[in-house]
file structure-v2.cif (mmCIF, C-alpha atoms and all ligand atoms)
data_work
#
loop_
_atom_site.group_PDB
_atom_site.id
_atom_site.type_symbol
_atom_site.label_atom_id
_atom_site.label_comp_id
_atom_site.auth_asym_id
_atom_site.auth_seq_id
_atom_site.Cartn_x
_atom_site.Cartn_y
_atom_site.Cartn_z
ATOM 1 C CA MET U 1 -54.771 27.662 19.584
ATOM 2 C CA ILE U 2 -56.397 24.852 21.562
ATOM 3 C CA GLU U 3 -53.904 22.963 23.704
ATOM 4 C CA LEU U 4 -54.383 19.225 24.118
ATOM 5 C CA HIS U 5 -52.510 18.079 27.205
ATOM 6 C CA GLN U 6 -51.675 14.396 27.026
ATOM 7 C CA PHE U 7 -48.941 11.763 26.953
ATOM 8 C CA ARG U 8 -46.436 11.820 24.110
ATOM 9 C CA PRO U 9 -46.859 9.110 21.439
ATOM 10 C CA PHE U 10 -45.457 5.739 22.440
ATOM 11 C CA TRP U 11 -44.757 2.431 20.714
ATOM 12 C CA GLY U 12 -45.910 3.759 17.345
ATOM 13 C CA LEU U 13 -49.337 4.561 18.776
ATOM 14 C CA PRO U 14 -50.564 8.154 18.625
ATOM 15 C CA ASN U 15 -51.262 7.626 22.292
ATOM 16 C CA ALA U 16 -50.909 4.684 24.638
ATOM 17 C CA SER U 17 -53.743 6.209 26.672
ATOM 18 C CA PRO U 18 -56.992 5.309 24.938
ATOM 19 C CA PHE U 19 -58.683 8.327 26.524
ATOM 20 C CA CYS U 20 -56.075 10.691 25.085
ATOM 21 C CA MET U 21 -56.279 8.967 21.715
ATOM 22 C CA LYS U 22 -60.070 9.275 21.792
ATOM 23 C CA ALA U 23 -59.955 13.060 22.327
ATOM 24 C CA GLU U 24 -57.291 13.509 19.656
ATOM 25 C CA THR U 25 -59.128 11.237 17.199
ATOM 26 C CA TYR U 26 -62.148 13.481 17.622
ATOM 27 C CA LEU U 27 -60.185 16.719 17.081
ATOM 28 C CA ARG U 28 -58.622 15.255 13.952
ATOM 29 C CA PHE U 29 -61.938 13.926 12.679
ATOM 30 C CA ARG U 30 -63.460 17.399 13.080
ATOM 31 C CA ARG U 31 -60.353 19.084 11.661
ATOM 32 C CA ILE U 32 -60.201 21.316 14.735
ATOM 33 C CA PRO U 33 -56.731 22.895 14.952
ATOM 34 C CA TYR U 34 -54.879 22.067 18.172
ATOM 35 C CA ARG U 35 -51.414 21.640 19.498
ATOM 36 C CA VAL U 36 -50.276 18.869 21.775
ATOM 37 C CA VAL U 37 -48.685 19.792 25.071
ATOM 38 C CA PRO U 38 -46.897 16.738 26.452
ATOM 39 C CA SER U 39 -48.287 16.194 29.908
ATOM 40 C CA GLY U 40 -49.140 13.681 32.596
ATOM 41 C CA PRO U 41 -51.844 13.070 35.195
ATOM 42 C CA ARG U 42 -49.991 15.041 37.858
ATOM 43 C CA LYS U 43 -50.350 18.207 35.778
ATOM 44 C CA SER U 44 -54.115 17.799 35.390
ATOM 45 C CA PRO U 45 -56.545 19.515 37.755
ATOM 46 C CA THR U 46 -58.392 16.191 38.136
ATOM 47 C CA GLY U 47 -55.283 14.006 38.195
ATOM 48 C CA ARG U 48 -56.316 12.506 34.846
ATOM 49 C CA ILE U 49 -55.508 13.192 31.249
ATOM 50 C CA PRO U 50 -56.381 14.278 28.622
ATOM 51 C CA PHE U 51 -57.418 17.841 29.253
ATOM 52 C CA ILE U 52 -57.613 20.827 26.956
ATOM 53 C CA VAL U 53 -56.952 24.489 27.542
ATOM 54 C CA GLU U 54 -58.775 26.969 25.355
ATOM 55 C CA ASP U 55 -58.601 30.718 25.956
ATOM 56 C CA GLY U 56 -57.495 30.077 29.522
ATOM 57 C CA ARG U 57 -60.365 27.658 30.218
ATOM 58 C CA THR U 58 -59.525 24.073 31.124
ATOM 59 C CA ILE U 59 -61.766 21.143 30.235
ATOM 60 C CA THR U 60 -60.945 17.700 31.557
ATOM 61 C CA ASP U 61 -62.356 14.304 30.515
ATOM 62 C CA SER U 62 -62.386 13.025 26.948
ATOM 63 C CA GLU U 63 -66.173 12.864 26.823
ATOM 64 C CA ALA U 64 -66.557 16.424 28.126
ATOM 65 C CA ILE U 65 -63.987 17.586 25.548
ATOM 66 C CA ILE U 66 -66.008 16.020 22.736
ATOM 67 C CA ALA U 67 -69.273 17.458 24.121
ATOM 68 C CA HIS U 68 -67.664 20.912 24.363
ATOM 69 C CA PHE U 69 -66.680 21.003 20.689
ATOM 70 C CA GLU U 70 -69.809 19.228 19.467
ATOM 71 C CA SER U 71 -71.959 21.933 21.071
ATOM 72 C CA ARG U 72 -70.494 24.362 18.503
ATOM 73 C CA GLN U 73 -71.176 22.250 15.451
ATOM 74 C CA ALA U 74 -74.114 23.003 13.169
ATOM 75 C CA ALA U 75 -74.548 19.287 12.493
ATOM 76 C CA ARG U 76 -73.588 17.173 15.486
ATOM 77 C CA LEU U 77 -72.217 13.671 15.305
ATOM 78 C CA ASP U 78 -75.082 12.184 17.259
ATOM 79 C CA ASP U 79 -77.874 14.127 15.546
ATOM 80 C CA GLY U 80 -80.605 11.845 14.312
ATOM 81 C CA LEU U 81 -79.896 9.036 16.770
ATOM 82 C CA SER U 82 -82.998 7.641 18.386
ATOM 83 C CA GLU U 83 -83.419 7.593 22.167
ATOM 84 C CA ALA U 84 -82.618 3.902 22.062
ATOM 85 C CA GLY U 85 -79.520 4.552 19.907
ATOM 86 C CA ARG U 86 -78.254 7.135 22.396
ATOM 87 C CA ALA U 87 -78.895 4.795 25.299
ATOM 88 C CA LEU U 88 -77.086 1.951 23.526
ATOM 89 C CA ALA U 89 -74.125 4.242 22.759
ATOM 90 C CA PHE U 90 -73.985 5.281 26.404
ATOM 91 C CA PHE U 91 -73.950 1.731 27.745
ATOM 92 C CA VAL U 92 -71.469 0.432 25.179
ATOM 93 C CA ARG U 93 -69.084 3.333 25.775
ATOM 94 C CA GLU U 94 -69.311 3.013 29.543
ATOM 95 C CA LEU U 95 -68.670 -0.716 29.407
ATOM 96 C CA VAL U 96 -65.818 -0.520 26.929
ATOM 97 C CA GLU U 97 -64.128 2.381 28.707
ATOM 98 C CA GLU U 98 -64.279 0.420 31.942
ATOM 99 C CA ARG U 99 -63.527 -3.120 30.769
ATOM 100 C CA LEU U 100 -61.123 -2.523 27.890
ATOM 101 C CA TYR U 101 -59.275 0.164 29.847
ATOM 102 C CA TRP U 102 -58.323 -2.439 32.439
ATOM 103 C CA GLN U 103 -57.575 -5.002 29.730
ATOM 104 C CA ILE U 104 -55.172 -2.568 28.046
ATOM 105 C CA THR U 105 -53.623 -1.783 31.413
ATOM 106 C CA TYR U 106 -53.357 -5.509 32.137
ATOM 107 C CA MET U 107 -51.680 -6.447 28.873
ATOM 108 C CA ARG U 108 -48.904 -3.944 29.616
ATOM 109 C CA TRP U 109 -48.612 -3.738 33.412
ATOM 110 C CA GLY U 110 -50.277 -6.895 34.708
ATOM 111 C CA ASP U 111 -49.518 -9.810 32.396
ATOM 112 C CA PRO U 112 -45.957 -10.873 33.355
ATOM 113 C CA ALA U 113 -45.074 -11.456 29.663
ATOM 114 C CA GLY U 114 -46.460 -8.022 28.739
ATOM 115 C CA TRP U 115 -44.617 -6.256 31.571
ATOM 116 C CA GLU U 116 -41.365 -7.826 30.460
ATOM 117 C CA VAL U 117 -41.537 -6.055 27.085
ATOM 118 C CA PHE U 118 -43.352 -2.916 28.276
ATOM 119 C CA ARG U 119 -41.099 -2.066 31.215
ATOM 120 C CA PRO U 120 -37.814 -1.387 29.358
ATOM 121 C CA ASP U 121 -39.469 0.920 26.821
ATOM 122 C CA LEU U 122 -41.549 2.612 29.496
ATOM 123 C CA VAL U 123 -38.444 3.313 31.552
ATOM 124 C CA LYS U 124 -36.819 5.018 28.546
ATOM 125 C CA TYR U 125 -39.974 7.066 27.957
ATOM 126 C CA LEU U 126 -40.540 8.232 31.529
ATOM 127 C CA PRO U 127 -38.843 11.270 33.037
ATOM 128 C CA LEU U 128 -35.866 10.339 35.246
ATOM 129 C CA GLY U 129 -37.708 10.988 38.492
ATOM 130 C CA MET U 130 -40.378 8.404 37.640
ATOM 131 C CA ARG U 131 -38.124 5.517 36.778
ATOM 132 C CA GLY U 132 -37.221 3.963 40.138
ATOM 133 C CA PRO U 133 -39.349 3.712 43.277
ATOM 134 C CA VAL U 134 -42.105 5.876 41.763
ATOM 135 C CA LEU U 135 -42.598 3.358 38.944
ATOM 136 C CA PHE U 136 -42.545 0.481 41.422
ATOM 137 C CA LEU U 137 -45.256 2.147 43.534
ATOM 138 C CA LEU U 138 -47.305 3.066 40.463
ATOM 139 C CA ARG U 139 -47.280 -0.541 39.259
ATOM 140 C CA ARG U 140 -48.179 -1.776 42.726
ATOM 141 C CA MET U 141 -51.182 0.568 42.764
ATOM 142 C CA LEU U 142 -52.243 -0.523 39.267
ATOM 143 C CA LEU U 143 -51.909 -4.211 40.199
ATOM 144 C CA ARG U 144 -54.180 -3.586 43.166
ATOM 145 C CA GLN U 145 -56.740 -1.832 40.966
ATOM 146 C CA MET U 146 -56.543 -4.606 38.348
ATOM 147 C CA ARG U 147 -57.124 -7.216 41.033
ATOM 148 C CA GLN U 148 -60.321 -5.380 41.965
ATOM 149 C CA HIS U 149 -61.391 -5.907 38.351
ATOM 150 C CA GLY U 150 -60.606 -9.611 38.508
ATOM 151 C CA LEU U 151 -57.296 -9.361 36.611
ATOM 152 C CA THR U 152 -54.248 -10.890 38.260
ATOM 153 C CA PRO U 153 -50.700 -11.626 37.033
ATOM 154 C CA ALA U 154 -51.192 -15.207 38.223
ATOM 155 C CA ASP U 155 -53.992 -15.853 35.744
ATOM 156 C CA PRO U 156 -53.428 -14.307 32.302
ATOM 157 C CA GLN U 157 -55.741 -16.857 30.676
ATOM 158 C CA GLY U 158 -58.641 -15.880 32.920
ATOM 159 C CA ALA U 159 -57.875 -12.186 32.489
ATOM 160 C CA TYR U 160 -57.775 -12.373 28.706
ATOM 161 C CA ALA U 161 -60.936 -14.478 28.579
ATOM 162 C CA ARG U 162 -62.767 -11.455 30.036
ATOM 163 C CA GLY U 163 -61.276 -9.204 27.357
ATOM 164 C CA ARG U 164 -62.070 -11.618 24.564
ATOM 165 C CA ALA U 165 -65.721 -11.578 25.626
ATOM 166 C CA VAL U 166 -65.849 -7.787 25.224
ATOM 167 C CA LEU U 167 -64.202 -7.968 21.786
ATOM 168 C CA ASP U 168 -66.629 -10.686 20.666
ATOM 169 C CA ALA U 169 -69.565 -8.564 21.806
ATOM 170 C CA LEU U 170 -68.186 -5.557 19.921
ATOM 171 C CA ALA U 171 -67.718 -7.629 16.769
ATOM 172 C CA GLY U 172 -71.319 -8.802 17.136
ATOM 173 C CA LEU U 173 -72.591 -5.256 17.589
ATOM 174 C CA LEU U 174 -70.657 -3.947 14.596
ATOM 175 C CA GLY U 175 -71.694 -6.808 12.330
ATOM 176 C CA GLY U 176 -71.446 -5.718 8.699
ATOM 177 C CA LYS U 177 -71.990 -1.995 9.379
ATOM 178 C CA PRO U 178 -69.222 0.490 8.557
ATOM 179 C CA PHE U 179 -69.501 2.143 11.995
ATOM 180 C CA PHE U 180 -70.908 0.966 15.298
ATOM 181 C CA LEU U 181 -74.237 2.740 14.993
ATOM 182 C CA GLY U 182 -74.668 2.592 11.244
ATOM 183 C CA ALA U 183 -73.391 4.167 8.052
ATOM 184 C CA GLU U 184 -71.881 7.292 9.651
ATOM 185 C CA PRO U 185 -69.316 7.712 12.407
ATOM 186 C CA ARG U 186 -70.801 8.889 15.699
ATOM 187 C CA SER U 187 -69.191 10.119 18.900
ATOM 188 C CA LEU U 188 -69.165 6.504 20.125
ATOM 189 C CA ASP U 189 -66.738 5.616 17.331
ATOM 190 C CA MET U 190 -64.152 8.112 18.608
ATOM 191 C CA SER U 191 -63.974 6.103 21.799
ATOM 192 C CA LEU U 192 -64.275 2.570 20.476
ATOM 193 C CA TYR U 193 -61.662 3.137 17.791
ATOM 194 C CA ALA U 194 -59.141 4.513 20.292
ATOM 195 C CA PHE U 195 -59.602 1.505 22.575
ATOM 196 C CA LEU U 196 -59.494 -1.070 19.771
ATOM 197 C CA ALA U 197 -56.454 0.534 18.120
ATOM 198 C CA ASN U 198 -54.591 0.390 21.414
ATOM 199 C CA ILE U 199 -55.114 -3.378 21.372
ATOM 200 C CA LEU U 200 -54.644 -4.047 17.665
ATOM 201 C CA ASP U 201 -51.793 -1.655 16.881
ATOM 202 C CA GLN U 202 -49.484 -2.105 19.825
ATOM 203 C CA PRO U 203 -46.202 -3.613 18.632
ATOM 204 C CA HIS U 204 -45.968 -6.572 20.998
ATOM 205 C CA GLY U 205 -48.438 -9.402 20.635
ATOM 206 C CA ASN U 206 -50.493 -10.958 23.395
ATOM 207 C CA PRO U 207 -53.524 -13.274 23.526
ATOM 208 C CA LEU U 208 -55.949 -10.348 23.433
ATOM 209 C CA GLN U 209 -54.372 -8.849 20.341
ATOM 210 C CA GLU U 210 -54.229 -12.264 18.681
ATOM 211 C CA HIS U 211 -57.934 -12.683 19.292
ATOM 212 C CA ALA U 212 -58.742 -9.168 18.060
ATOM 213 C CA ARG U 213 -56.895 -9.919 14.818
ATOM 214 C CA THR U 214 -59.223 -12.842 14.132
ATOM 215 C CA LEU U 215 -62.263 -10.516 14.223
ATOM 216 C CA ALA U 216 -62.154 -9.331 10.626
ATOM 217 C CA ASN U 217 -64.913 -6.743 10.936
ATOM 218 C CA LEU U 218 -63.183 -5.035 13.877
ATOM 219 C CA VAL U 219 -59.883 -5.002 11.988
ATOM 220 C CA ALA U 220 -61.554 -3.471 8.910
ATOM 221 C CA TYR U 221 -63.365 -0.958 11.135
ATOM 222 C CA CYS U 222 -60.081 0.202 12.671
ATOM 223 C CA ALA U 223 -58.540 0.583 9.219
ATOM 224 C CA ARG U 224 -61.576 2.671 8.185
ATOM 225 C CA MET U 225 -61.349 4.936 11.231
ATOM 226 C CA LYS U 226 -57.585 5.266 10.844
ATOM 227 C CA ALA U 227 -57.986 6.369 7.217
ATOM 228 C CA LEU U 228 -60.654 8.855 8.278
ATOM 229 C CA CYS U 229 -58.837 10.411 11.228
ATOM 230 C CA TRP U 230 -55.156 9.529 11.187
ATOM 231 C CA GLN U 231 -54.246 9.516 7.494
ATOM 232 C CA GLY U 232 -50.552 10.260 7.066
ATOM 233 C CA TRP U 233 -49.731 10.344 10.784
ATOM 234 C CA THR U 234 -46.413 8.858 11.802
ATOM 235 C CA MET U 235 -44.375 8.986 15.002
ATOM 236 C CA GLU U 236 -41.890 11.185 13.156
ATOM 237 C CA HIS U 237 -44.189 14.149 12.763
ATOM 238 C CA ALA U 238 -46.305 13.590 15.852
ATOM 239 C CA PRO U 239 -47.267 16.966 17.268
ATOM 240 C CA GLY U 240 -45.587 17.592 20.597
ATOM 241 C CA LYS U 241 -43.093 14.814 20.043
HETATM 242 N N1 LIG U 301 -62.945 9.569 32.158
HETATM 243 C C1 LIG U 301 -61.631 10.084 31.848
HETATM 244 C C2 LIG U 301 -60.603 9.005 32.121
HETATM 245 C C3 LIG U 301 -59.183 9.505 31.869
HETATM 246 C C4 LIG U 301 -58.134 8.565 32.447
HETATM 247 O O1 LIG U 301 -58.431 7.631 33.196
HETATM 248 N N2 LIG U 301 -56.895 8.835 32.074
HETATM 249 C C5 LIG U 301 -55.795 8.052 32.583
HETATM 250 C C6 LIG U 301 -54.738 7.880 31.515
HETATM 251 S S1 LIG U 301 -55.275 6.647 30.382
HETATM 252 C C7 LIG U 301 -55.163 8.787 33.736
HETATM 253 O O2 LIG U 301 -54.941 9.973 33.663
HETATM 254 N N3 LIG U 301 -54.886 8.069 34.812
HETATM 255 C C8 LIG U 301 -54.207 8.601 35.957
HETATM 256 C C9 LIG U 301 -54.827 8.145 37.233
HETATM 257 O O3 LIG U 301 -55.930 7.587 37.201
HETATM 258 O O4 LIG U 301 -54.198 8.368 38.258
HETATM 259 C C10 LIG U 301 -61.616 10.551 30.389
HETATM 260 O O5 LIG U 301 -62.480 10.112 29.601
HETATM 261 O O6 LIG U 301 -60.793 11.393 30.028
#
call {"tool": "encode", "arguments": {"input": "structure-v2.cif", "output": "C-alpha cells"}}
result
Amino acid sequence: MIELHQFRPFWGLPNASPFCMKAETYLRFRRIPYRVVPSGPRKSPTGRIPFIVEDGRTITDSEAIIAHFESRQAARLDDGLSEAGRALAFFVRELVEERLYWQITYMRWGDPAGWEVFRPDLVKYLPLGMRGPVLFLLRRMLLRQMRQHGLTPADPQGAYARGRAVLDALAGLLGGKPFFLGAEPRSLDMSLYAFLANILDQPHGNPLQEHARTLANLVAYCARMKALCWQGWTMEHAPGK
C-alpha cells in the first residue's frame, strides 16, 4: 500500500498544508489506494512534506508525486494540452504555489489577528516538544521568510492586497469554465484547488477569505473539485487521524 506522509488534518481541512492537500487530492481523484502516515518536515529526506513511500522507494514533492503516478496512466490528465496550455499551466502553478503559499502562511502565522486564533489550536495539535521555544523559533523563521516576500505583521492591508490580486487573476483565468484549462480537470487543478480550499474553507475569517468568497466562480469551482475528489470526507474518518 502506498504511504502518504503528511500532516494530520487540521481545522476541518483535509490538510492545512496546501502541498499535502494537493498530493492527496490527486490520489483521491485517481482513486489510487493509499494510507496516510502522519508526519512532519523533519521526517522527510528533503525536509519538506508531503512525500510518499511505495515499495521502499521514497518520492518527495507534490508535483513529482503526481508525475510519478501519471506516468502509469493510459490516459494522462494533461494529454491533449497544447504547448501553450502546458506553458500556461506551468506559470500559473509556479506563481500560485509561491504567492498563495506565503499568503496562507501569512493569514495564520503573520497577520496578528490570524495568529491569535491559530496559535491556541496549533499548540494543541503539535507534539509536546514543539510547543514552547521550538514554536517561537519556527514562527520567527517564518516571519523572516514572509518579510522577504513583502508580508509583514505591521501591514496586513498591504499583505492581503497582494493576495487579493492573485485571487482576482485566478478568477479571471477561470472565467465561466468548469476547470482552469477547460471542460476537464487537469493536473493544474489538483494544485489550485488545494490552495484555494485552504483559503476558502479555513474556519476563521480574514480579509483574504472574505475576498475569495466574493469571487463566485472560484467558490463554485472549489465546490466542484470537492465533490469530485473529497465527497463524503469528514475529519471523523480522516485516514491517519
Ligand atoms: N515543492 C514542494 C513544497 C513542499 C513544502 O513546502 N511543504 C511545506 C509544508 S506546506 C514544508 O514541508 N515546509 C517545511 C520547511 O520548508 O521547512 C512540494 O510541492 O511538495
call {"tool": "closest_atom_pairs", "arguments": {"input": "structure-v2.cif", "of": "chain U", "to": "ligand LIG 301 (chain U)", "cutoff": "6 Å", "atoms": "only C-alpha atoms and all ligand atoms", "output": "Markdown table"}}
result
| residue | atom | partner | partner_atom | distance |
| --- | --- | --- | --- | --- |
| U:Ser17 | CA | U:LIG301 | S1 | 4.0 |
| U:Pro18 | CA | U:LIG301 | S1 | 5.9 |
| U:Phe19 | CA | U:LIG301 | O6 | 5.1 |
| U:Pro41 | CA | U:LIG301 | O2 | 4.6 |
| U:Gly47 | CA | U:LIG301 | O4 | 5.7 |
| U:Arg48 | CA | U:LIG301 | O2 | 3.1 |
| U:Ile49 | CA | U:LIG301 | O2 | 4.1 |
| U:Pro50 | CA | U:LIG301 | O6 | 5.5 |
| U:Asp61 | CA | U:LIG301 | O6 | 3.3 |
| U:Ser62 | CA | U:LIG301 | O6 | 3.8 |
| U:Glu63 | CA | U:LIG301 | O5 | 5.4 |
call {"tool": "residues_near_point", "arguments": {"input": "structure-v2.cif", "point": "(-69.2, 6.8, 17.0)", "cutoff": "12 Å", "atoms": "all atoms listed in the file", "output": "MDAnalysis selection string"}}
result
chainID U and resid 22 25:26 29 63 66 76:79 81 85:86 88:90 92:93 174 177:194 221 225
call {"tool": "closest_residue", "arguments": {"input": "structure-v2.cif", "among": "U:Arg28, U:Arg57, U:Arg224, U:His204", "to": "Met107 in chain U", "atoms": "only C-alpha atoms"}}
result
U:His204
call {"tool": "resolve_selection", "arguments": {"input": "structure-v2.cif", "expression": "the PyMOL selection byres (((chain U and resi 139) around 12) and not hetatm)", "output": "list in words"}}
result
Thr105, Tyr106, Arg108, Trp109, Gly110, Asp111, Pro112, Trp115, Phe118, Arg119, Leu122, Met130, Arg131, Gly132, Pro133, Val134, Leu135, Phe136, Leu137, Leu138, Arg140, Met141, Leu142, Leu143, Arg144, Gln145, Met146 and Pro153 of chain U
call {"tool": "write_last_selection", "arguments": {"input": "structure-v2.cif", "atoms": "C-alpha atoms", "output": "PDB file, keeping the file's coordinate frame"}}
result
ATOM      1  CA  THR U 105     -53.623  -1.783  31.413  1.00  0.00           C
ATOM      2  CA  TYR U 106     -53.357  -5.509  32.137  1.00  0.00           C
ATOM      3  CA  ARG U 108     -48.904  -3.944  29.616  1.00  0.00           C
ATOM      4  CA  TRP U 109     -48.612  -3.738  33.412  1.00  0.00           C
ATOM      5  CA  GLY U 110     -50.277  -6.895  34.708  1.00  0.00           C
ATOM      6  CA  ASP U 111     -49.518  -9.810  32.396  1.00  0.00           C
ATOM      7  CA  PRO U 112     -45.957 -10.873  33.355  1.00  0.00           C
ATOM      8  CA  TRP U 115     -44.617  -6.256  31.571  1.00  0.00           C
ATOM      9  CA  PHE U 118     -43.352  -2.916  28.276  1.00  0.00           C
ATOM     10  CA  ARG U 119     -41.099  -2.066  31.215  1.00  0.00           C
ATOM     11  CA  LEU U 122     -41.549   2.612  29.496  1.00  0.00           C
ATOM     12  CA  MET U 130     -40.378   8.404  37.640  1.00  0.00           C
ATOM     13  CA  ARG U 131     -38.124   5.517  36.778  1.00  0.00           C
ATOM     14  CA  GLY U 132     -37.221   3.963  40.138  1.00  0.00           C
ATOM     15  CA  PRO U 133     -39.349   3.712  43.277  1.00  0.00           C
ATOM     16  CA  VAL U 134     -42.105   5.876  41.763  1.00  0.00           C
ATOM     17  CA  LEU U 135     -42.598   3.358  38.944  1.00  0.00           C
ATOM     18  CA  PHE U 136     -42.545   0.481  41.422  1.00  0.00           C
ATOM     19  CA  LEU U 137     -45.256   2.147  43.534  1.00  0.00           C
ATOM     20  CA  LEU U 138     -47.305   3.066  40.463  1.00  0.00           C
ATOM     21  CA  ARG U 140     -48.179  -1.776  42.726  1.00  0.00           C
ATOM     22  CA  MET U 141     -51.182   0.568  42.764  1.00  0.00           C
ATOM     23  CA  LEU U 142     -52.243  -0.523  39.267  1.00  0.00           C
ATOM     24  CA  LEU U 143     -51.909  -4.211  40.199  1.00  0.00           C
ATOM     25  CA  ARG U 144     -54.180  -3.586  43.166  1.00  0.00           C
ATOM     26  CA  GLN U 145     -56.740  -1.832  40.966  1.00  0.00           C
ATOM     27  CA  MET U 146     -56.543  -4.606  38.348  1.00  0.00           C
ATOM     28  CA  PRO U 153     -50.700 -11.626  37.033  1.00  0.00           C
TER      29      PRO U 153
END
call {"tool": "resolve_selection", "arguments": {"input": "structure-v2.cif", "expression": "the PyMOL selection byres (((chain U and resi 103) around 9) and not hetatm)", "output": "PyMOL selection string"}}
result
chain U and resi 98-102+104-108+146+151+159-160+162-163+199+208
call {"tool": "resolve_selection", "arguments": {"input": "structure-v2.cif", "expression": "the PyMOL selection byres (((chain U and resi 197) around 10) and not hetatm)", "output": "number ranges by chain"}}
result
U: 13-16, 18, 21, 192-196, 198-202, 209, 212, 218-219, 221-223, 225-226
call {"tool": "atom_distance", "arguments": {"input": "structure-v2.cif", "atom1": "CA of Thr58 in chain U", "atom2": "CA of Gly232 in chain U"}}
result
29.2 Å
call {"tool": "closest_residue", "arguments": {"input": "structure-v2.cif", "among": "U:Val166, U:Leu126, U:Val117, U:Ile52", "to": "Arg35 in chain U", "atoms": "only C-alpha atoms"}}
result
U:Ile52
call {"tool": "atom_distance", "arguments": {"input": "structure-v2.cif", "atom1": "CA of Pro9 in chain U", "atom2": "CA of Ala23 in chain U"}}
result
13.7 Å
call {"tool": "atom_distance", "arguments": {"input": "structure-v2.cif", "atom1": "CA of Ala113 in chain U", "atom2": "CA of Ala154 in chain U"}}
result
11.2 Å
call {"tool": "closest_residue", "arguments": {"input": "structure-v2.cif", "among": "U:Asp168, U:Asp121, U:Asp55, U:Glu116", "to": "Val96 in chain U", "atoms": "all atoms listed in the file"}}
result
U:Asp168
call {"tool": "closest_residue", "arguments": {"input": "structure-v2.cif", "among": "U:Glu94, U:Asn206, U:Thr234, U:Glu70", "to": "Gly114 in chain U", "atoms": "only C-alpha atoms"}}
result
U:Asn206
call {"tool": "closest_residue", "arguments": {"input": "structure-v2.cif", "among": "U:Pro38, U:Pro156, U:Pro33, U:Pro120", "to": "Gln6 in chain U", "atoms": "all atoms listed in the file"}}
result
U:Pro38
call {"tool": "closest_residue", "arguments": {"input": "structure-v2.cif", "among": "U:Val123, U:Leu170, U:Leu4, U:Ala165", "to": "Ile59 in chain U", "atoms": "all atoms listed in the file"}}
result
U:Leu4
call {"tool": "build_atoms", "arguments": {"input": "structure-v2.cif", "residues": "range 69-82 of chain U", "atoms": "N, CA and C atoms", "output": "PDB file, in the frame of the given file"}}
result
ATOM      1  N   PHE U  69     -66.838  20.599  22.097  1.00  0.00           N
ATOM      2  CA  PHE U  69     -66.680  21.003  20.689  1.00  0.00           C
ATOM      3  C   PHE U  69     -67.914  20.650  19.854  1.00  0.00           C
ATOM      4  N   GLU U  70     -68.578  19.572  20.205  1.00  0.00           N
ATOM      5  CA  GLU U  70     -69.809  19.228  19.467  1.00  0.00           C
ATOM      6  C   GLU U  70     -70.872  20.299  19.631  1.00  0.00           C
ATOM      7  N   SER U  71     -70.903  20.934  20.820  1.00  0.00           N
ATOM      8  CA  SER U  71     -71.959  21.933  21.071  1.00  0.00           C
ATOM      9  C   SER U  71     -71.845  23.107  20.099  1.00  0.00           C
ATOM     10  N   ARG U  72     -70.684  23.247  19.443  1.00  0.00           N
ATOM     11  CA  ARG U  72     -70.494  24.362  18.503  1.00  0.00           C
ATOM     12  C   ARG U  72     -70.777  23.973  17.058  1.00  0.00           C
ATOM     13  N   GLN U  73     -71.022  22.709  16.830  1.00  0.00           N
ATOM     14  CA  GLN U  73     -71.176  22.250  15.451  1.00  0.00           C
ATOM     15  C   GLN U  73     -72.617  22.451  14.975  1.00  0.00           C
ATOM     16  N   ALA U  74     -72.759  22.852  13.724  1.00  0.00           N
ATOM     17  CA  ALA U  74     -74.114  23.003  13.169  1.00  0.00           C
ATOM     18  C   ALA U  74     -74.765  21.626  13.070  1.00  0.00           C
ATOM     19  N   ALA U  75     -74.031  20.662  12.564  1.00  0.00           N
ATOM     20  CA  ALA U  75     -74.548  19.287  12.493  1.00  0.00           C
ATOM     21  C   ALA U  75     -73.716  18.434  13.444  1.00  0.00           C
ATOM     22  N   ARG U  76     -74.343  17.904  14.464  1.00  0.00           N
ATOM     23  CA  ARG U  76     -73.588  17.173  15.486  1.00  0.00           C
ATOM     24  C   ARG U  76     -73.512  15.688  15.142  1.00  0.00           C
ATOM     25  N   LEU U  77     -72.457  15.080  15.631  1.00  0.00           N
ATOM     26  CA  LEU U  77     -72.217  13.671  15.305  1.00  0.00           C
ATOM     27  C   LEU U  77     -73.388  12.766  15.678  1.00  0.00           C
ATOM     28  N   ASP U  78     -74.030  13.088  16.792  1.00  0.00           N
ATOM     29  CA  ASP U  78     -75.082  12.184  17.259  1.00  0.00           C
ATOM     30  C   ASP U  78     -76.486  12.661  16.885  1.00  0.00           C
ATOM     31  N   ASP U  79     -76.556  13.693  16.041  1.00  0.00           N
ATOM     32  CA  ASP U  79     -77.874  14.127  15.546  1.00  0.00           C
ATOM     33  C   ASP U  79     -78.555  12.954  14.850  1.00  0.00           C
ATOM     34  N   GLY U  80     -79.844  12.861  15.036  1.00  0.00           N
ATOM     35  CA  GLY U  80     -80.605  11.845  14.312  1.00  0.00           C
ATOM     36  C   GLY U  80     -80.623  10.484  14.997  1.00  0.00           C
ATOM     37  N   LEU U  81     -79.837  10.325  16.053  1.00  0.00           N
ATOM     38  CA  LEU U  81     -79.896   9.036  16.770  1.00  0.00           C
ATOM     39  C   LEU U  81     -81.187   8.968  17.569  1.00  0.00           C
ATOM     40  N   SER U  82     -81.784   7.807  17.584  1.00  0.00           N
ATOM     41  CA  SER U  82     -82.998   7.641  18.386  1.00  0.00           C
ATOM     42  C   SER U  82     -82.629   7.613  19.868  1.00  0.00           C
TER      43      SER U  82
END
